[in-house]
Structure formats: structure tokens, C-alpha cells
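Below is final.cif, which holds mmCIF, C-alpha atoms.
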```cif
data_data
#
loop_
_atom_site.label_atom_id
_atom_site.label_comp_id
_atom_site.auth_asym_id
_atom_site.auth_seq_id
_atom_site.Cartn_x
_atom_site.Cartn_y
_atom_site.Cartn_z
CA MET V 30 52.96 133.07 8.76
CA THR V 31 56.49 131.92 7.92
CA ASP V 32 57.58 130.41 4.68
CA SER V 33 58.57 126.84 5.39
CA THR V 34 60.86 126.67 2.35
CA SER V 35 62.96 129.69 3.24
CA SER V 36 64.85 127.96 6.06
CA SER V 37 66.60 125.42 3.86
CA THR V 38 68.58 126.02 0.68
CA PRO V 39 67.72 123.60 -2.10
CA THR V 40 70.74 121.67 -3.41
CA SER V 41 71.22 120.33 -6.91
CA PRO V 42 72.37 116.76 -7.62
CA ASP V 43 75.69 118.29 -8.78
CA ASP V 44 76.19 119.91 -5.35
CA ASP V 45 75.45 116.61 -3.63
CA TRP V 46 77.94 114.78 -5.86
CA ALA V 47 80.61 117.45 -5.32
CA ARG V 48 80.29 116.94 -1.56
CA PHE V 49 80.43 113.14 -1.89
CA GLU V 50 83.15 112.81 -4.54
CA PRO V 51 86.63 112.16 -3.08
CA PRO V 52 89.61 114.34 -4.11
CA GLY V 53 90.98 113.43 -7.54
CA GLY V 54 87.72 111.84 -8.68
CA ILE V 55 86.21 108.44 -8.07
CA LEU V 56 88.23 106.49 -10.67
CA VAL V 57 91.60 106.99 -8.99
CA TRP V 58 90.04 105.85 -5.71
CA ILE V 59 88.86 102.62 -7.33
CA ILE V 60 92.52 102.06 -8.24
CA VAL V 61 93.54 102.89 -4.63
CA PHE V 62 91.19 100.29 -3.16
CA LEU V 63 92.06 97.60 -5.71
CA GLU V 64 95.80 98.10 -5.24
CA ILE V 65 95.63 97.99 -1.45
CA ILE V 66 93.53 94.82 -1.57
CA THR V 67 95.99 93.24 -4.06
CA PHE V 68 99.01 94.02 -1.86
CA GLY V 69 97.03 92.90 1.20
CA ALA V 70 96.43 89.52 -0.45
CA GLY V 71 100.14 89.23 -1.28
CA LEU V 72 101.10 90.05 2.30
CA GLY V 73 98.57 87.47 3.52
CA VAL V 74 100.31 84.82 1.39
CA PHE V 75 103.71 85.99 2.75
CA LEU V 76 102.57 85.63 6.38
CA TYR V 77 100.81 82.32 5.72
CA GLN V 78 103.94 80.92 4.08
CA ARG V 79 106.08 82.27 6.94
CA ASP V 80 103.98 80.22 9.33
CA ALA V 81 104.69 77.11 7.23
CA GLU V 82 108.47 77.74 6.95
CA PRO V 83 109.51 79.80 10.01
CA ALA V 84 113.24 78.93 9.83
CA LEU V 85 113.54 79.87 6.16
CA PHE V 86 111.71 83.18 6.69
CA ALA V 87 113.80 84.07 9.79
CA GLN V 88 116.96 83.41 7.76
CA GLY V 89 115.65 85.50 4.84
CA ARG V 90 114.70 88.40 7.11
CA GLU V 91 118.28 88.46 8.45
CA LEU V 92 119.46 89.34 4.94
CA LEU V 93 117.07 92.33 4.63
CA ASN V 94 118.48 95.80 5.13
CA GLN V 95 116.22 97.42 7.76
CA PRO V 96 118.09 100.78 7.88
CA ILE V 97 117.65 101.25 4.11
CA ALA V 98 113.95 100.36 4.39
CA PHE V 99 113.60 102.84 7.28
CA ALA V 100 115.32 105.58 5.25
CA ASN V 101 113.08 104.77 2.29
CA THR V 102 109.98 105.15 4.49
CA LEU V 103 111.15 108.60 5.60
CA ILE V 104 111.88 109.53 1.97
CA LEU V 105 108.43 108.45 0.72
CA LEU V 106 106.63 110.27 3.54
CA THR V 107 108.65 113.40 2.80
CA GLY V 108 107.65 113.10 -0.84
CA GLY V 109 104.02 112.83 0.28
CA TRP V 110 104.40 116.03 2.27
CA PHE V 111 105.97 117.80 -0.75
CA MET V 112 103.05 116.75 -2.96
CA ALA V 113 100.47 117.92 -0.40
CA CYS V 114 102.27 121.31 -0.26
CA GLY V 115 102.31 121.46 -4.07
CA LEU V 116 98.54 121.05 -4.23
CA GLU V 117 98.04 123.71 -1.55
CA GLU V 118 100.10 126.18 -3.58
CA LEU V 119 98.26 125.28 -6.77
CA ARG V 120 94.92 126.05 -5.13
CA ARG V 121 96.29 129.43 -4.07
CA GLY V 122 97.12 130.12 -7.70
CA ARG V 123 100.88 129.94 -7.16
CA SER V 124 101.86 127.54 -9.93
CA PRO V 125 105.63 128.20 -9.89
CA LEU V 126 105.77 127.27 -6.19
CA ALA V 127 103.56 124.24 -6.80
CA ILE V 128 105.93 123.05 -9.53
CA ARG V 129 108.90 123.32 -7.13
CA TRP V 130 107.14 121.17 -4.53
CA ILE V 131 106.16 118.60 -7.16
CA VAL V 132 109.74 118.48 -8.48
CA GLY V 133 110.82 117.92 -4.85
CA ALA V 134 108.41 114.96 -4.69
CA ILE V 135 109.90 113.59 -7.93
CA VAL V 136 113.40 113.80 -6.41
CA THR V 137 112.24 111.84 -3.34
CA GLY V 138 110.73 109.20 -5.66
CA LEU V 139 114.02 108.88 -7.53
CA ALA V 140 115.92 108.65 -4.21
CA PHE V 141 113.58 105.84 -3.13
CA LEU V 142 114.19 103.96 -6.40
CA LEU V 143 117.96 104.42 -6.06
CA LEU V 144 118.06 103.09 -2.48
CA LYS V 145 115.78 100.20 -3.41
CA SER V 146 118.08 99.34 -6.32
CA ILE V 147 121.06 99.32 -3.93
CA GLU V 148 119.13 96.97 -1.66
CA TYR V 149 118.29 94.67 -4.58
CA THR V 150 121.95 94.66 -5.65
CA GLU V 151 122.96 93.62 -2.11
CA LYS V 152 120.54 90.70 -2.20
CA ILE V 153 121.67 89.54 -5.62
CA GLN V 154 125.33 89.72 -4.50
CA HIS V 155 124.37 87.47 -1.57
CA GLY V 156 122.95 85.04 -4.12
CA ALA V 157 119.33 85.74 -3.18
CA THR V 158 117.15 86.15 -6.26
CA PHE V 159 113.53 85.80 -7.33
CA GLY V 160 112.58 82.12 -7.39
CA ASP V 161 115.31 81.01 -4.96
CA ASP V 162 112.89 80.18 -2.15
CA ALA V 163 109.46 81.22 -0.90
CA PHE V 164 110.83 84.14 1.15
CA PHE V 165 112.78 85.85 -1.62
CA THR V 166 110.18 85.07 -4.29
CA LEU V 167 107.52 86.86 -2.24
CA TYR V 168 109.93 89.62 -1.16
CA PHE V 169 110.95 90.43 -4.74
CA ALA V 170 107.37 90.09 -6.04
CA LEU V 171 105.86 92.45 -3.44
CA THR V 172 108.63 95.06 -3.33
CA GLY V 173 109.22 94.82 -7.10
CA PHE V 174 105.53 95.47 -7.82
CA HIS V 175 105.70 98.45 -5.45
CA PHE V 176 108.92 99.63 -7.18
CA ILE V 177 106.99 99.74 -10.48
CA HIS V 178 104.23 101.78 -8.79
CA VAL V 179 106.75 104.38 -7.57
CA LEU V 180 108.36 104.51 -11.02
CA VAL V 181 104.95 105.12 -12.66
CA ALA V 182 104.07 107.72 -10.00
CA VAL V 183 107.34 109.59 -10.70
CA MET V 184 106.49 109.64 -14.42
CA ILE V 185 102.97 110.92 -13.66
CA LEU V 186 104.35 113.72 -11.45
CA ALA V 187 106.93 114.65 -14.11
CA TYR V 188 104.14 114.88 -16.70
CA LEU V 189 102.00 117.01 -14.36
CA ALA V 190 104.92 119.35 -13.55
CA LEU V 191 105.57 119.80 -17.27
CA GLN V 192 101.91 120.53 -17.99
CA LEU V 193 101.78 123.01 -15.10
CA LYS V 194 104.86 124.76 -16.47
CA ARG V 195 103.08 125.08 -19.82
CA GLY V 196 100.05 126.56 -18.04
CA ARG V 197 97.73 123.68 -18.94
CA PHE V 198 96.07 123.48 -15.50
CA GLY V 199 94.30 126.64 -14.41
CA GLN V 200 93.12 127.26 -10.86
CA ASP V 201 89.67 125.90 -11.76
CA ARG V 202 90.99 122.71 -13.36
CA PHE V 203 93.37 120.71 -11.30
CA GLN V 204 91.53 117.45 -10.69
CA ASP V 205 94.17 115.74 -12.83
CA VAL V 206 96.88 117.02 -10.47
CA GLU V 207 94.82 115.84 -7.47
CA ALA V 208 94.43 112.39 -9.07
CA GLY V 209 98.19 112.21 -9.73
CA GLY V 210 98.77 113.18 -6.11
CA ILE V 211 96.40 110.45 -4.89
CA PHE V 212 98.33 107.85 -6.91
CA TRP V 213 101.58 109.18 -5.42
CA HIS V 214 100.18 108.87 -1.87
CA LEU V 215 98.95 105.36 -2.73
CA CYS V 216 102.63 104.41 -3.05
CA ASP V 217 103.09 105.68 0.54
CA LEU V 218 100.10 103.67 1.79
CA ILE V 219 101.31 100.44 0.16
CA TRP V 220 104.80 100.94 1.59
CA LEU V 221 103.27 101.59 5.03
CA LEU V 222 101.96 98.02 4.81
CA LEU V 223 105.10 96.44 3.29
CA PHE V 224 107.63 98.06 5.65
CA PRO V 225 106.35 96.71 9.00
CA ILE V 226 105.23 93.30 7.71
CA LEU V 227 108.30 92.43 5.60
CA TYR V 228 111.02 94.16 7.61
CA LEU V 229 109.91 94.58 11.23
CA LEU V 230 107.65 91.68 12.28
CA MET F 26 103.28 125.24 2.73
CA THR F 27 100.68 125.00 5.48
CA ARG F 28 101.39 124.57 9.15
CA ARG F 29 99.01 121.60 9.25
CA ASN F 30 100.94 119.66 6.57
CA LEU F 31 104.23 120.37 8.34
CA ILE F 32 102.86 119.06 11.66
CA ILE F 33 101.50 115.93 9.96
CA TRP F 34 104.89 115.29 8.32
CA ILE F 35 106.70 115.66 11.68
CA LEU F 36 104.20 113.26 13.27
CA LEU F 37 104.72 110.75 10.45
CA ILE F 38 108.52 110.93 10.81
CA ALA F 39 108.21 110.47 14.61
CA LEU F 40 105.83 107.50 14.21
CA THR F 41 108.11 105.89 11.59
CA THR F 42 111.08 106.21 13.95
CA LEU F 43 109.01 104.74 16.79
CA GLY F 44 107.91 101.81 14.60
CA PHE F 45 111.50 101.15 13.50
CA VAL F 46 112.78 101.19 17.11
CA LEU F 47 109.95 98.87 18.19
CA GLY F 48 110.79 96.50 15.34
CA GLU F 49 114.53 96.51 16.10
CA GLN F 50 113.79 95.73 19.77
CA GLY F 51 111.59 92.80 18.77
CA SER F 52 108.50 94.42 20.24
CA VAL F 53 105.07 92.78 20.10
CA PRO F 54 103.45 92.83 16.62
CA ILE F 55 100.38 94.74 17.84
CA ALA F 56 102.54 97.79 18.72
CA ILE F 57 104.30 97.81 15.33
CA LEU F 58 101.04 97.36 13.42
CA ALA F 59 99.22 100.01 15.50
CA VAL F 60 101.92 102.52 14.50
CA ALA F 61 101.41 101.53 10.83
CA ALA F 62 97.62 102.02 11.22
CA ALA F 63 98.10 105.50 12.71
CA LYS F 64 100.44 106.49 9.86
CA GLY F 65 98.01 105.18 7.22
CA LEU F 66 95.17 107.18 8.74
CA LEU F 67 97.26 110.38 8.81
CA VAL F 68 98.31 109.96 5.16
CA ALA F 69 94.74 109.23 4.04
CA ARG F 70 93.02 111.98 6.04
CA GLN F 71 95.60 114.73 5.60
CA PHE F 72 97.80 114.16 2.55
CA MET F 73 95.10 112.43 0.47
CA GLU F 74 92.62 115.01 1.80
CA LEU F 75 89.87 112.59 2.76
CA ARG F 76 89.10 115.03 5.57
CA ASN F 77 87.42 117.17 2.87
CA ALA F 78 85.36 114.30 1.43
CA ALA F 79 82.32 112.38 2.69
CA VAL F 80 83.26 110.40 5.82
CA VAL F 81 82.26 107.16 4.11
CA TRP F 82 85.56 107.28 2.14
CA THR F 83 87.65 107.41 5.31
CA PHE F 84 85.56 104.60 6.76
CA ALA F 85 85.99 102.44 3.64
CA LEU F 86 89.76 103.00 3.44
CA ALA F 87 90.21 102.45 7.18
CA THR F 88 88.28 99.17 6.87
CA VAL F 89 90.48 97.87 4.04
CA PHE F 90 93.82 99.16 5.37
CA GLY F 91 93.02 98.30 9.00
CA GLY F 92 91.57 94.94 7.94
CA ILE F 93 94.88 93.96 6.33
CA LEU F 94 96.77 94.93 9.50
CA VAL F 95 94.34 92.94 11.69
CA ILE F 96 94.76 89.87 9.46
CA ALA F 97 98.55 90.39 9.65
CA LEU F 98 98.29 90.51 13.43
CA PHE F 99 96.53 87.14 13.51
CA LEU F 100 98.97 85.57 11.04
CA ALA F 101 102.13 87.08 12.61
#
```
Give the structure from the file, written as C-alpha cells.
Amino acid sequence: MTDSTSSSTPTSPDDDWARFEPPGGILVWIIVFLEIITFGAGLGVFLYQRDAEPALFAQGRELLNQPIAFANTLILLTGGWFMACGLEELRRGRSPLAIRWIVGAIVTGLAFLLLKSIEYTEKIQHGATFGDDAFFTLYFALTGFHFIHVLVAVMILAYLALQLKRGRFGQDRFQDVEAGGIFWHLCDLIWLLLFPILYLL
Amino acid sequence: MTRRNLIIWILLIALTTLGFVLGEQGSVPIAILAVAAAKGLLVARQFMELRNAAVVWTFALATVFGGILVIALFLA
């Protein structure tokens, strides 16, 4: 006679939760979903308004700098890669290497902010500012809100790099670093929506 | 650095270049938005590591992210 219970290993509720819980913990993912929905709503308004004023939006789009936006997309995605590499190294217990990758991600974030500032300066020099018309109001609102996200993400990564340098996150405790990484990648995801809809369509 | 992350990054750079070229040539919106959807999925599954989590998370994110792109396609 065989023991019917020996074929399956009992799992605790903690094991089940660990398998279900997304990387970084559930709270940062609530932020991810809310932010994407918020930007999605903003882009919906942009496209709806474009339908109402096609000439104005075509004229506004002519003033956008597509090459800078393209370069910024490459920069953000490279920063995402750096952060993913940083987490890999952290899990292998190689904190000094992880810190280097995270610092690399911070540099890409700063490069993004610099290029975006140059783009904003160009617009302002052309006399296009927030509140001028529907196109530039929505353009500055959407990209400006994203700019703030990248700035906050850079600050989070700088804080995490500093804490790692001080040895605050051991190999068994890096959910905070994962959560910071998720917020960083959220900036990528939002930009992956803004770039094609604002600049390419 | 893992080989997988490097390959994903190269794919993302290639897709971004493709999307930019399609946009500059005035290609149909569905092509540009399909490239954006593919990039979003790669970032979420690989860089955000949803491949290691319950599949429901990928499904939920794909629904929200893809839903926005589908709405954009209808409004574009």
C-alpha cells in the first residue's frame, strides 16, 4: 500500500505568496499600474484633442525634435539594462559591481534629463510654452510629469547605491533595491508609450 | 552581466531604431504601435523580471499597456 500523501509536498501560505508576489513587492506594482493608467488617460486626451484640431497638432508636431526623443529612448533603455545587470550582480553577492551598474543607470537618467531640458529650451525659444495651445499644453504636461518621474527615480537609485556602499542591503534583503529598480523601469514603460504617440504618429 | 540581459538590450535598441524609421517614413500607426507593444513586453518580462512571477502579473500589465496602445490605434 502506498502513502497517498508522500507524492506531494505540502506548501505553506508563505510559500504560495512568495510564488505569487511580483518582484519588488506588491506596493510598487500598484504604483506601476496606477501610473500607466494615468499616462494612458493623458495620451487618450491628447489623441482625442488631435482629432478635434488636426492642423494645430500637425504644426505642433513639426516643432518636436524626433532625433532627441529617439536618443532619449535609447538612453532610457540602456539605463534599464544597467539596472537589470545591477540586480543580477547583487543577487550573486557582488555588491561593488552592482553599485557600478546602478551608478551607470543614474548617469543615463541624468543624460535623459539633460537632453530633455535642451528640448524644452528649444521649444521655449520658439515661443512654445505650457498653456499656449492644446498641443503644447498636453505635450508639456505629459513629458513634464514623466520628467519628474525620471528625476525621482534617479534620486531613488542614488539613495540605493549609497545604502549598498554602506552595506545596508545584504544578499537576503534586497527587496528595496528590486522595488527601486521596478520604479526605474516604470519610467521606461511610460516613455515607451509617450515616444511613439507624441513623436511618431 | 548576463547574456540574456545583453540580448534583450540589443533587441530593444533594434526595435527602437525600427520604430523610429517607421515613424520618420510615415508608416501606418499599427506598425509603430506594435513595435512599442513588443518593447513594453520585453521590458516587463525581462528587466522587470515578471518572468519569475505568477503569469497573472504579465497578463494584467499586458492588458493595461496593450489596451492603451489599442485605444491609441483607434484614436490615431
What residues in chain V lie within 9 Å of chain F, counting all atoms listed in the file, written as an mmCIF file with C-alpha atoms, keeping the file's coordinate frame?
```
data_model
loop_
_atom_site.group_PDB
_atom_site.id
_atom_site.type_symbol
_atom_site.label_atom_id
_atom_site.label_comp_id
_atom_site.auth_asym_id
_atom_site.auth_seq_id
_atom_site.Cartn_x
_atom_site.Cartn_y
_atom_site.Cartn_z
ATOM 1 C CA ALA V 47 80.610 117.450 -5.320
ATOM 2 C CA ARG V 48 80.290 116.940 -1.560
ATOM 3 C CA PHE V 49 80.430 113.140 -1.890
ATOM 4 C CA GLU V 50 83.150 112.810 -4.540
ATOM 5 C CA PRO V 51 86.630 112.160 -3.080
ATOM 6 C CA PRO V 52 89.610 114.340 -4.110
ATOM 7 C CA VAL V 61 93.540 102.890 -4.630
ATOM 8 C CA PHE V 62 91.190 100.290 -3.160
ATOM 9 C CA ILE V 65 95.630 97.990 -1.450
ATOM 10 C CA ILE V 66 93.530 94.820 -1.570
ATOM 11 C CA GLY V 69 97.030 92.900 1.200
ATOM 12 C CA ALA V 70 96.430 89.520 -0.450
ATOM 13 C CA LEU V 72 101.100 90.050 2.300
ATOM 14 C CA GLY V 73 98.570 87.470 3.520
ATOM 15 C CA LEU V 76 102.570 85.630 6.380
ATOM 16 C CA TYR V 77 100.810 82.320 5.720
ATOM 17 C CA ARG V 79 106.080 82.270 6.940
ATOM 18 C CA ASP V 80 103.980 80.220 9.330
ATOM 19 C CA GLN V 95 116.220 97.420 7.760
ATOM 20 C CA PRO V 96 118.090 100.780 7.880
ATOM 21 C CA PHE V 99 113.600 102.840 7.280
ATOM 22 C CA THR V 102 109.980 105.150 4.490
ATOM 23 C CA LEU V 103 111.150 108.600 5.600
ATOM 24 C CA LEU V 106 106.630 110.270 3.540
ATOM 25 C CA THR V 107 108.650 113.400 2.800
ATOM 26 C CA GLY V 109 104.020 112.830 0.280
ATOM 27 C CA TRP V 110 104.400 116.030 2.270
ATOM 28 C CA PHE V 111 105.970 117.800 -0.750
ATOM 29 C CA MET V 112 103.050 116.750 -2.960
ATOM 30 C CA ALA V 113 100.470 117.920 -0.400
ATOM 31 C CA CYS V 114 102.270 121.310 -0.260
ATOM 32 C CA GLY V 115 102.310 121.460 -4.070
ATOM 33 C CA GLU V 117 98.040 123.710 -1.550
ATOM 34 C CA GLU V 118 100.100 126.180 -3.580
ATOM 35 C CA GLU V 207 94.820 115.840 -7.470
ATOM 36 C CA GLY V 210 98.770 113.180 -6.110
ATOM 37 C CA ILE V 211 96.400 110.450 -4.890
ATOM 38 C CA HIS V 214 100.180 108.870 -1.870
ATOM 39 C CA LEU V 215 98.950 105.360 -2.730
ATOM 40 C CA ASP V 217 103.090 105.680 0.540
ATOM 41 C CA LEU V 218 100.100 103.670 1.790
ATOM 42 C CA LEU V 221 103.270 101.590 5.030
ATOM 43 C CA LEU V 222 101.960 98.020 4.810
ATOM 44 C CA PHE V 224 107.630 98.060 5.650
ATOM 45 C CA PRO V 225 106.350 96.710 9.000
ATOM 46 C CA ILE V 226 105.230 93.300 7.710
ATOM 47 C CA TYR V 228 111.020 94.160 7.610
ATOM 48 C CA LEU V 229 109.910 94.580 11.230
ATOM 49 C CA LEU V 230 107.650 91.680 12.280
#
```
Original post:
Do you know which residues the PyMOL selection byres ((chain V and resi 92) around 12) returns on this file, as a PyMOL selection string?
Top reply: chain V and resi 85-91+93-96+148-149+151-158+164-165+168+227-228
Write the selection just made, keeping C-alpha atoms, as a short mmCIF file (atom, residue, chain, number, x, y, z; two decimals), keeping the file's coordinate frame?
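Full text of out.cif as output:
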```
data_model
loop_
_atom_site.label_atom_id
_atom_site.label_comp_id
_atom_site.auth_asym_id
_atom_site.auth_seq_id
_atom_site.Cartn_x
_atom_site.Cartn_y
_atom_site.Cartn_z
CA LEU V 85 113.54 79.87 6.16
CA PHE V 86 111.71 83.18 6.69
CA ALA V 87 113.80 84.07 9.79
CA GLN V 88 116.96 83.41 7.76
CA GLY V 89 115.65 85.50 4.84
CA ARG V 90 114.70 88.40 7.11
CA GLU V 91 118.28 88.46 8.45
CA LEU V 93 117.07 92.33 4.63
CA ASN V 94 118.48 95.80 5.13
CA GLN V 95 116.22 97.42 7.76
CA PRO V 96 118.09 100.78 7.88
CA GLU V 148 119.13 96.97 -1.66
CA TYR V 149 118.29 94.67 -4.58
CA GLU V 151 122.96 93.62 -2.11
CA LYS V 152 120.54 90.70 -2.20
CA ILE V 153 121.67 89.54 -5.62
CA GLN V 154 125.33 89.72 -4.50
CA HIS V 155 124.37 87.47 -1.57
CA GLY V 156 122.95 85.04 -4.12
CA ALA V 157 119.33 85.74 -3.18
CA THR V 158 117.15 86.15 -6.26
CA PHE V 164 110.83 84.14 1.15
CA PHE V 165 112.78 85.85 -1.62
CA TYR V 168 109.93 89.62 -1.16
CA LEU V 227 108.30 92.43 5.60
CA TYR V 228 111.02 94.16 7.61
#
```
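Reported to one decimal place, the separation of atom CA of Thr172 of chain V from atom CA of Leu223 of chain V is 7.6 Å.
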Original post:
atom CA of Leu191 of chain V and atom CA of Ile55 of chain V are how many Å apart?
Top reply: 24.3 Å
Subject >> Selection result for the PyMOL selection byres ((chain V and resi 173) around 12) on this file, as JSON, numbers by chain >> reply: {"V": [68, 142, 145, 146, 148, 149, 158, 159, 165, 166, 167, 168, 169, 170, 171, 172, 174, 175, 176, 177, 178, 179, 180, 220, 223]}
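Note that the spacing between atom CA of Val136 of chain V and atom CA of Asp205 of chain V amounts to 20.4 Å.
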List the spatial neighbours of Leu186 of chain V as a PDB file with C-alpha atoms, in the frame of the given file - criterion: any atom at most 10 Å away, all atoms listed in the file, same-chain residues fewer than 5 positions off excluded.
```pdb
ATOM      1  CA  MET V 112     103.050 116.750  -2.960  1.00  0.00           C
ATOM      2  CA  ILE V 128     105.930 123.050  -9.530  1.00  0.00           C
ATOM      3  CA  ILE V 131     106.160 118.600  -7.160  1.00  0.00           C
ATOM      4  CA  VAL V 132     109.740 118.480  -8.480  1.00  0.00           C
ATOM      5  CA  ALA V 134     108.410 114.960  -4.690  1.00  0.00           C
ATOM      6  CA  ILE V 135     109.900 113.590  -7.930  1.00  0.00           C
ATOM      7  CA  GLY V 138     110.730 109.200  -5.660  1.00  0.00           C
ATOM      8  CA  VAL V 181     104.950 105.120 -12.660  1.00  0.00           C
ATOM      9  CA  LEU V 191     105.570 119.800 -17.270  1.00  0.00           C
ATOM     10  CA  GLN V 192     101.910 120.530 -17.990  1.00  0.00           C
ATOM     11  CA  VAL V 206      96.880 117.020 -10.470  1.00  0.00           C
ATOM     12  CA  GLY V 209      98.190 112.210  -9.730  1.00  0.00           C
ATOM     13  CA  GLY V 210      98.770 113.180  -6.110  1.00  0.00           C
ATOM     14  CA  PHE V 212      98.330 107.850  -6.910  1.00  0.00           C
ATOM     15  CA  TRP V 213     101.580 109.180  -5.420  1.00  0.00           C
TER      16      TRP V 213
END
```
**OP:** Run through the PyMOL selection byres ((chain V and resi 198) around 12) on the given coordinates and return the selected residues as an MDAnalysis selection string.
**Re:** chainID V and resid 116 119:120 122:124 127:128 188:197 199:207
Please, can segment 50-75 of chain V be completed to N, CA and C atoms and returned as a compact mmCIF listing (two decimals), keeping the file's coordinate frame?
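Final output, part.txt:
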```txt
# COMPACT_ATOMS: atom_id res chain seq x y z
N GLU V 50 82.01 113.26 -3.74
CA GLU V 50 83.15 112.81 -4.54
C GLU V 50 84.48 113.02 -3.80
N PRO V 51 85.33 111.99 -3.77
CA PRO V 51 86.63 112.16 -3.08
C PRO V 51 87.58 112.99 -3.94
N PRO V 52 88.65 113.55 -3.35
CA PRO V 52 89.61 114.34 -4.11
C PRO V 52 90.24 113.52 -5.23
N GLY V 53 90.36 114.14 -6.40
CA GLY V 53 90.98 113.43 -7.54
C GLY V 53 89.98 112.67 -8.39
N GLY V 54 88.73 112.57 -7.91
CA GLY V 54 87.72 111.84 -8.68
C GLY V 54 87.63 110.39 -8.27
N ILE V 55 86.50 109.79 -8.59
CA ILE V 55 86.21 108.44 -8.07
C ILE V 55 87.08 107.35 -8.72
N LEU V 56 87.49 107.56 -9.97
CA LEU V 56 88.23 106.49 -10.67
C LEU V 56 89.58 106.19 -10.01
N VAL V 57 90.29 107.24 -9.61
CA VAL V 57 91.60 106.99 -8.99
C VAL V 57 91.42 106.28 -7.63
N TRP V 58 90.29 106.52 -6.99
CA TRP V 58 90.04 105.85 -5.71
C TRP V 58 89.69 104.38 -5.89
N ILE V 59 89.09 104.04 -7.03
CA ILE V 59 88.86 102.62 -7.33
C ILE V 59 90.22 101.93 -7.45
N ILE V 60 91.16 102.61 -8.12
CA ILE V 60 92.52 102.06 -8.24
C ILE V 60 93.14 101.91 -6.84
N VAL V 61 92.97 102.93 -5.99
CA VAL V 61 93.54 102.89 -4.63
C VAL V 61 93.05 101.65 -3.89
N PHE V 62 91.75 101.44 -3.90
CA PHE V 62 91.19 100.29 -3.16
C PHE V 62 91.66 98.96 -3.75
N LEU V 63 91.64 98.86 -5.09
CA LEU V 63 92.06 97.60 -5.71
C LEU V 63 93.53 97.29 -5.42
N GLU V 64 94.37 98.31 -5.48
CA GLU V 64 95.80 98.10 -5.24
C GLU V 64 96.07 97.69 -3.79
N ILE V 65 95.41 98.34 -2.87
CA ILE V 65 95.63 97.99 -1.45
C ILE V 65 95.16 96.56 -1.18
N ILE V 66 94.03 96.19 -1.76
CA ILE V 66 93.53 94.82 -1.57
C ILE V 66 94.51 93.81 -2.20
N THR V 67 95.04 94.15 -3.38
CA THR V 67 95.99 93.24 -4.06
C THR V 67 97.24 93.03 -3.20
N PHE V 68 97.82 94.14 -2.71
CA PHE V 68 99.01 94.02 -1.86
C PHE V 68 98.66 93.31 -0.54
N GLY V 69 97.47 93.57 -0.03
CA GLY V 69 97.03 92.90 1.20
C GLY V 69 96.99 91.39 1.00
N ALA V 70 96.48 90.96 -0.15
CA ALA V 70 96.43 89.52 -0.45
C ALA V 70 97.85 88.95 -0.52
N GLY V 71 98.74 89.68 -1.18
CA GLY V 71 100.14 89.23 -1.28
C GLY V 71 100.79 89.11 0.09
N LEU V 72 100.53 90.09 0.95
CA LEU V 72 101.10 90.05 2.30
C LEU V 72 100.49 88.91 3.12
N GLY V 73 99.22 88.61 2.86
CA GLY V 73 98.57 87.47 3.52
C GLY V 73 99.28 86.17 3.15
N VAL V 74 99.59 86.02 1.86
CA VAL V 74 100.31 84.82 1.39
C VAL V 74 101.69 84.77 2.06
N PHE V 75 102.37 85.92 2.13
CA PHE V 75 103.71 85.99 2.75
C PHE V 75 103.64 85.49 4.20
```
